[in-house]
$ cat final_29.pdb   # PDB, C-alpha atoms
MODEL        1
ATOM      1  CA  ILE A   1     100.748  88.930  95.630
ATOM      2  CA  MET A   2     101.452  86.899  92.533
ATOM      3  CA  LEU A   3     104.256  88.094  90.241
ATOM      4  CA  THR A   4     104.172  86.578  86.778
ATOM      5  CA  ALA A   5     104.788  87.047  83.079
ATOM      6  CA  ARG A   6     101.470  85.358  82.228
ATOM      7  CA  ILE A   7      99.122  88.041  80.959
ATOM      8  CA  SER A   8      95.940  86.341  79.783
ATOM      9  CA  GLU A   9      92.683  87.034  81.593
ATOM     10  CA  ALA A  10      92.273  83.298  82.285
ATOM     11  CA  ASP A  11      95.689  83.209  84.028
ATOM     12  CA  ARG A  12      94.835  86.294  86.118
ATOM     13  CA  LEU A  13      91.465  84.852  87.147
ATOM     14  CA  GLN A  14      93.004  81.504  88.034
ATOM     15  CA  GLY A  15      95.691  83.180  90.158
ATOM     16  CA  LEU A  16      93.114  85.220  92.057
ATOM     17  CA  ASP A  17      90.801  82.221  92.461
ATOM     18  CA  LEU A  18      93.682  80.222  93.939
ATOM     19  CA  GLY A  19      94.037  82.801  96.698
ATOM     20  CA  ALA A  20      96.364  85.502  95.397
ATOM     21  CA  ASP A  21      95.561  88.927  96.832
ATOM     22  CA  ASP A  22      96.862  90.690  93.768
ATOM     23  CA  TYR A  23      98.280  89.770  90.360
ATOM     24  CA  VAL A  24     101.238  91.785  89.080
ATOM     25  CA  ILE A  25     102.469  91.241  85.539
ATOM     26  CA  LYS A  26     106.148  91.605  84.621
ATOM     27  CA  PRO A  27     107.746  93.998  84.001
ATOM     28  CA  PHE A  28     106.670  95.980  87.037
ATOM     29  CA  SER A  29     107.985  98.917  89.001
ATOM     30  CA  PRO A  30     109.493  98.087  92.417
ATOM     31  CA  ARG A  31     107.721 101.178  93.803
ATOM     32  CA  GLU A  32     104.415  99.872  92.470
ATOM     33  CA  LEU A  33     105.055  96.485  94.115
ATOM     34  CA  VAL A  34     105.749  98.145  97.476
ATOM     35  CA  ALA A  35     102.538 100.190  97.109
ATOM     36  CA  ARG A  36     100.559  97.011  96.356
ATOM     37  CA  VAL A  37     102.006  95.256  99.420
ATOM     38  CA  ARG A  38     101.026  98.251 101.554
ATOM     39  CA  ALA A  39      97.512  98.088 100.066
ATOM     40  CA  VAL A  40      97.221  94.392 100.977
ATOM     41  CA  LEU A  41      98.296  95.149 104.546
ATOM     42  CA  ARG A  42      95.720  97.958 104.772
ATOM     43  CA  ARG A  43      92.973  95.542 103.740
ATOM     44  CA  MET A  44      93.597  93.268 106.688
ATOM     45  CA  PRO A  45      90.871  93.625 109.313
ATOM     46  CA  GLU A  46      91.542  96.112 112.088
ATOM     47  CA  GLY A  47      93.707  94.528 114.752
ATOM     48  CA  LEU A  48      94.575  91.468 112.672
ATOM     49  CA  HIS A  49      97.968  92.557 111.378
ATOM     50  CA  LEU A  50     100.535  89.870 111.995
ATOM     51  CA  ARG A  51     102.280  91.389 115.009
ATOM     52  CA  GLY A  52     103.070  89.245 118.038
ATOM     53  CA  ALA A  53     101.097  86.202 119.079
ATOM     54  CA  GLN A  54      97.527  86.779 117.995
ATOM     55  CA  VAL A  55      95.264  83.835 118.551
ATOM     56  CA  LEU A  56      91.552  83.533 117.864
ATOM     57  CA  GLU A  57      89.797  80.587 119.511
ATOM     58  CA  ALA A  58      86.285  79.215 119.536
ATOM     59  CA  GLU A  59      85.373  75.752 120.776
ATOM     60  CA  ASP A  60      87.873  73.407 119.081
ATOM     61  CA  LEU A  61      88.917  75.913 116.400
ATOM     62  CA  ARG A  62      92.184  77.815 116.861
ATOM     63  CA  VAL A  63      93.670  80.403 114.492
ATOM     64  CA  ASP A  64      97.167  81.705 115.223
ATOM     65  CA  LEU A  65      97.720  84.748 113.025
ATOM     66  CA  SER A  66     101.391  85.110 113.910
ATOM     67  CA  THR A  67     102.201  81.648 112.523
ATOM     68  CA  ARG A  68      99.288  81.566 110.035
ATOM     69  CA  SER A  69      98.274  78.182 111.441
ATOM     70  CA  VAL A  70      94.791  76.795 111.961
ATOM     71  CA  THR A  71      93.733  73.739 113.934
ATOM     72  CA  CYS A  72      90.254  72.318 114.114
ATOM     73  CA  SER A  73      89.290  69.347 116.269
ATOM     74  CA  GLY A  74      92.986  68.760 116.957
ATOM     75  CA  ARG A  75      94.038  68.543 113.310
ATOM     76  CA  ASP A  76      95.926  71.062 111.190
ATOM     77  CA  VAL A  77      93.872  72.818 108.547
ATOM     78  CA  VAL A  78      95.673  74.316 105.556
ATOM     79  CA  LEU A  79      94.015  77.518 104.345
ATOM     80  CA  THR A  80      94.806  79.869 101.498
ATOM     81  CA  PRO A  81      95.672  83.437 102.498
ATOM     82  CA  VAL A  82      92.191  84.561 101.424
ATOM     83  CA  GLU A  83      90.509  81.818 103.461
ATOM     84  CA  LEU A  84      92.602  82.729 106.508
ATOM     85  CA  ARG A  85      91.655  86.423 106.265
ATOM     86  CA  LEU A  86      88.002  85.502 105.775
ATOM     87  CA  LEU A  87      87.935  83.186 108.784
ATOM     88  CA  ALA A  88      89.844  85.674 110.961
ATOM     89  CA  SER A  89      87.469  88.477 109.953
ATOM     90  CA  LEU A  90      84.443  86.420 110.950
ATOM     91  CA  MET A  91      86.023  85.109 114.174
ATOM     92  CA  ALA A  92      87.136  88.580 115.287
ATOM     93  CA  GLU A  93      83.497  89.629 115.632
ATOM     94  CA  PRO A  94      81.413  86.561 116.503
ATOM     95  CA  GLY A  95      77.692  87.010 116.023
ATOM     96  CA  ARG A  96      78.053  89.984 113.683
ATOM     97  CA  VAL A  97      76.439  89.490 110.290
ATOM     98  CA  PHE A  98      78.738  90.496 107.437
ATOM     99  CA  SER A  99      77.401  91.063 103.939
ATOM    100  CA  ARG A 100      79.286  89.513 101.044
ATOM    101  CA  GLU A 101      80.433  93.004 100.078
ATOM    102  CA  GLN A 102      81.783  93.728 103.567
ATOM    103  CA  LEU A 103      83.669  90.436 103.611
ATOM    104  CA  SER A 104      84.996  91.049 100.117
ATOM    105  CA  ASP A 105      86.262  94.492 101.213
ATOM    106  CA  ARG A 106      87.990  92.932 104.245
ATOM    107  CA  VAL A 107      89.496  90.059 102.291
ATOM    108  CA  TYR A 108      90.331  91.687  98.938
ATOM    109  CA  GLY A 109      90.012  95.435  99.519
ATOM    110  CA  ALA A 110      87.460  97.941  98.325
ATOM    111  CA  ASP A 111      88.833  98.016  94.780
ATOM    112  CA  PHE A 112      88.166  94.290  94.125
ATOM    113  CA  SER A 113      85.944  93.785  91.106
ATOM    114  CA  GLY A 114      85.372  90.040  91.298
ATOM    115  CA  PHE A 115      82.190  88.075  90.988
ATOM    116  CA  ASP A 116      79.331  88.529  93.435
ATOM    117  CA  ARG A 117      79.601  84.943  94.667
ATOM    118  CA  THR A 118      83.366  84.769  95.238
ATOM    119  CA  ILE A 119      82.904  84.931  99.024
ATOM    120  CA  ASP A 120      80.367  82.093  98.820
ATOM    121  CA  VAL A 121      82.963  79.862  97.172
ATOM    122  CA  HIS A 122      85.507  80.644  99.885
ATOM    123  CA  VAL A 123      82.938  79.926 102.626
ATOM    124  CA  VAL A 124      82.148  76.563 101.014
ATOM    125  CA  ASN A 125      85.874  75.741 100.933
ATOM    126  CA  LEU A 126      86.341  76.838 104.559
ATOM    127  CA  ARG A 127      83.427  74.697 105.709
ATOM    128  CA  LYS A 128      84.771  71.707 103.842
ATOM    129  CA  LYS A 129      88.262  72.087 105.304
ATOM    130  CA  MET A 130      86.935  72.552 108.857
ATOM    131  CA  GLY A 131      84.329  69.794 108.639
ATOM    132  CA  ASP A 132      81.512  72.312 109.040
ATOM    133  CA  SER A 133      78.074  72.038 107.467
ATOM    134  CA  SER A 134      75.767  74.676 106.044
ATOM    135  CA  ARG A 135      72.740  72.726 107.306
ATOM    136  CA  LYS A 136      73.975  72.354 110.894
ATOM    137  CA  PRO A 137      76.783  74.896 111.187
ATOM    138  CA  ARG A 138      79.201  74.896 114.101
ATOM    139  CA  TYR A 139      81.242  77.872 112.969
ATOM    140  CA  ILE A 140      79.982  79.807 109.942
ATOM    141  CA  GLN A 141      76.275  80.410 109.591
ATOM    142  CA  THR A 142      74.569  81.659 106.441
ATOM    143  CA  VAL A 143      72.133  84.473 107.149
ATOM    144  CA  PHE A 144      69.842  84.300 104.134
ATOM    145  CA  GLY A 145      69.536  87.575 102.290
ATOM    146  CA  ALA A 146      72.218  89.161 104.462
ATOM    147  CA  GLY A 147      75.535  87.252 104.429
ATOM    148  CA  TYR A 148      77.494  85.250 107.011
ATOM    149  CA  ARG A 149      78.326  85.259 110.710
ATOM    150  CA  PHE A 150      80.629  83.298 112.987
ATOM    151  CA  ILE A 151      78.637  81.387 115.599
ATOM    152  CA  GLY A 152      81.296  79.317 117.372
ATOM    153  CA  ARG A 153      81.578  80.013 121.080
ATOM    154  CA  ASN A 154      84.797  81.641 122.233
ATOM    155  CA  GLY A 155      87.242  79.681 124.144
TER     156      GLY A 155
ENDMDL
END

$ encode --input "final_29.pdb" --output "structure tokens"
Amino acid sequence: IMLTARISEADRLQGLDLGADDYVIKPFSPRELVARVRAVLRRMPEGLHLRGAQVLEAEDLRVDLSTRSVTCSGRDVVLTPVELRLLASLMAEPGRVFSREQLSDRVYGADFSGFDRTIDVHVVNLRKKMGDSSRKPRYIQTVFGAGYRFIGRNG
């Protein structure tokens, strides 16, 4: 959640595009902030709340949700919070095809009113950071007309 005094639409869009889950403008109510944090936690995919050591692995990709760390081919990969939630959502159910809307709901929550292609941008960034390719994917496959699925083999 981004707390700021900047109120222009361009500032809000930039904050959200950089990975903020929410954008709260000062002054704000502490009760409202707590409610927004609870809403962010509710949006996390089932079973992916950061409790204990939770590790998702596939081939040479490892996501540790408790430390929010990602390694791919033995190197650390730095992801934004949105990218981490997106990758964890896909990895938690390998082979399942998720629509952009389903992924957006999991990553941002059902009340997100962003652009239709926001998820596409995050997938492009994830692929770039992990050294994946849309033409010969190792991890995230585009299912044309439907969305995305994780194709990496578990562990």

$ resolve_selection --input "final_29.pdb" --expression "the PyMOL selection byres ((chain A and resi 76) around 12)" --output "list in words"
Asp60, Leu61, Arg62, Val63, Asp64, Arg68, Ser69, Val70, Thr71, Cys72, Ser73, Gly74, Arg75, Val77, Val78, Leu79, Lys129, Met130 and Gly131 of chain A

$ residues_near_point --input "final_29.pdb" --point "(82.4, 81.4, 106.9)" --cutoff "7 Å" --atoms "all atoms listed in the file" --output "PDB file with C-alpha atoms, in the frame of the given file"
ATOM      1  CA  LEU A  87      87.935  83.186 108.784  1.00  0.00           C
ATOM      2  CA  LEU A  90      84.443  86.420 110.950  1.00  0.00           C
ATOM      3  CA  VAL A 123      82.938  79.926 102.626  1.00  0.00           C
ATOM      4  CA  LEU A 126      86.341  76.838 104.559  1.00  0.00           C
ATOM      5  CA  ARG A 127      83.427  74.697 105.709  1.00  0.00           C
ATOM      6  CA  ILE A 140      79.982  79.807 109.942  1.00  0.00           C
ATOM      7  CA  GLN A 141      76.275  80.410 109.591  1.00  0.00           C
ATOM      8  CA  TYR A 148      77.494  85.250 107.011  1.00  0.00           C
ATOM      9  CA  ARG A 149      78.326  85.259 110.710  1.00  0.00           C
ATOM     10  CA  PHE A 150      80.629  83.298 112.987  1.00  0.00           C
TER      11      PHE A 150
END

$ atom_distance --input "final_29.pdb" --atom1 "atom CA of Val37 of chain A" --atom2 "atom CA of Gly15 of chain A"
16.5 Å

$ atom_distance --input "final_29.pdb" --atom1 "atom CA of Leu103 of chain A" --atom2 "atom CA of Asp132 of chain A"
19.0 Å

$ residues_around --input "final_29.pdb" --residues "Asp21 of chain A" --least-positions-apart "5" --cutoff "8 Å" --atoms "all atoms listed in the file" --output "JSON, numbers by chain"
{"A": [1, 2, 16, 40, 81, 82, 108]}

$ atom_distance --input "final_29.pdb" --atom1 "atom CA of Asp11 of chain A" --atom2 "atom CA of Ala39 of chain A"
22.0 Å

$ closest_residue --input "final_29.pdb" --among "A:Ala10, A:Lys26, A:Lys136, A:Leu56" --to "Pro94 of chain A" --atoms "all atoms listed in the file"
A:Leu56

$ residues_around --input "final_29.pdb" --residues "Ser89 of chain A" --least-positions-apart "4" --cutoff "8 Å" --atoms "only C-alpha atoms" --output "PDB file with C-alpha atoms, keeping the file's coordinate frame"
ATOM      1  CA  PRO A  45      90.871  93.625 109.313  1.00  0.00           C
ATOM      2  CA  ARG A  85      91.655  86.423 106.265  1.00  0.00           C
ATOM      3  CA  GLU A  93      83.497  89.629 115.632  1.00  0.00           C
ATOM      4  CA  LEU A 103      83.669  90.436 103.611  1.00  0.00           C
ATOM      5  CA  ARG A 106      87.990  92.932 104.245  1.00  0.00           C
TER       6      ARG A 106
END

$ closest_residue --input "final_29.pdb" --among "A:Val107, A:Val124, A:Ala92, A:Ala58" --to "Arg138 of chain A" --atoms "only C-alpha atoms"
A:Ala58

$ closest_residue --input "final_29.pdb" --among "A:Gly109, A:Thr118, A:Thr80, A:Phe98" --to "Thr142 of chain A" --atoms "all atoms listed in the file"
A:Phe98
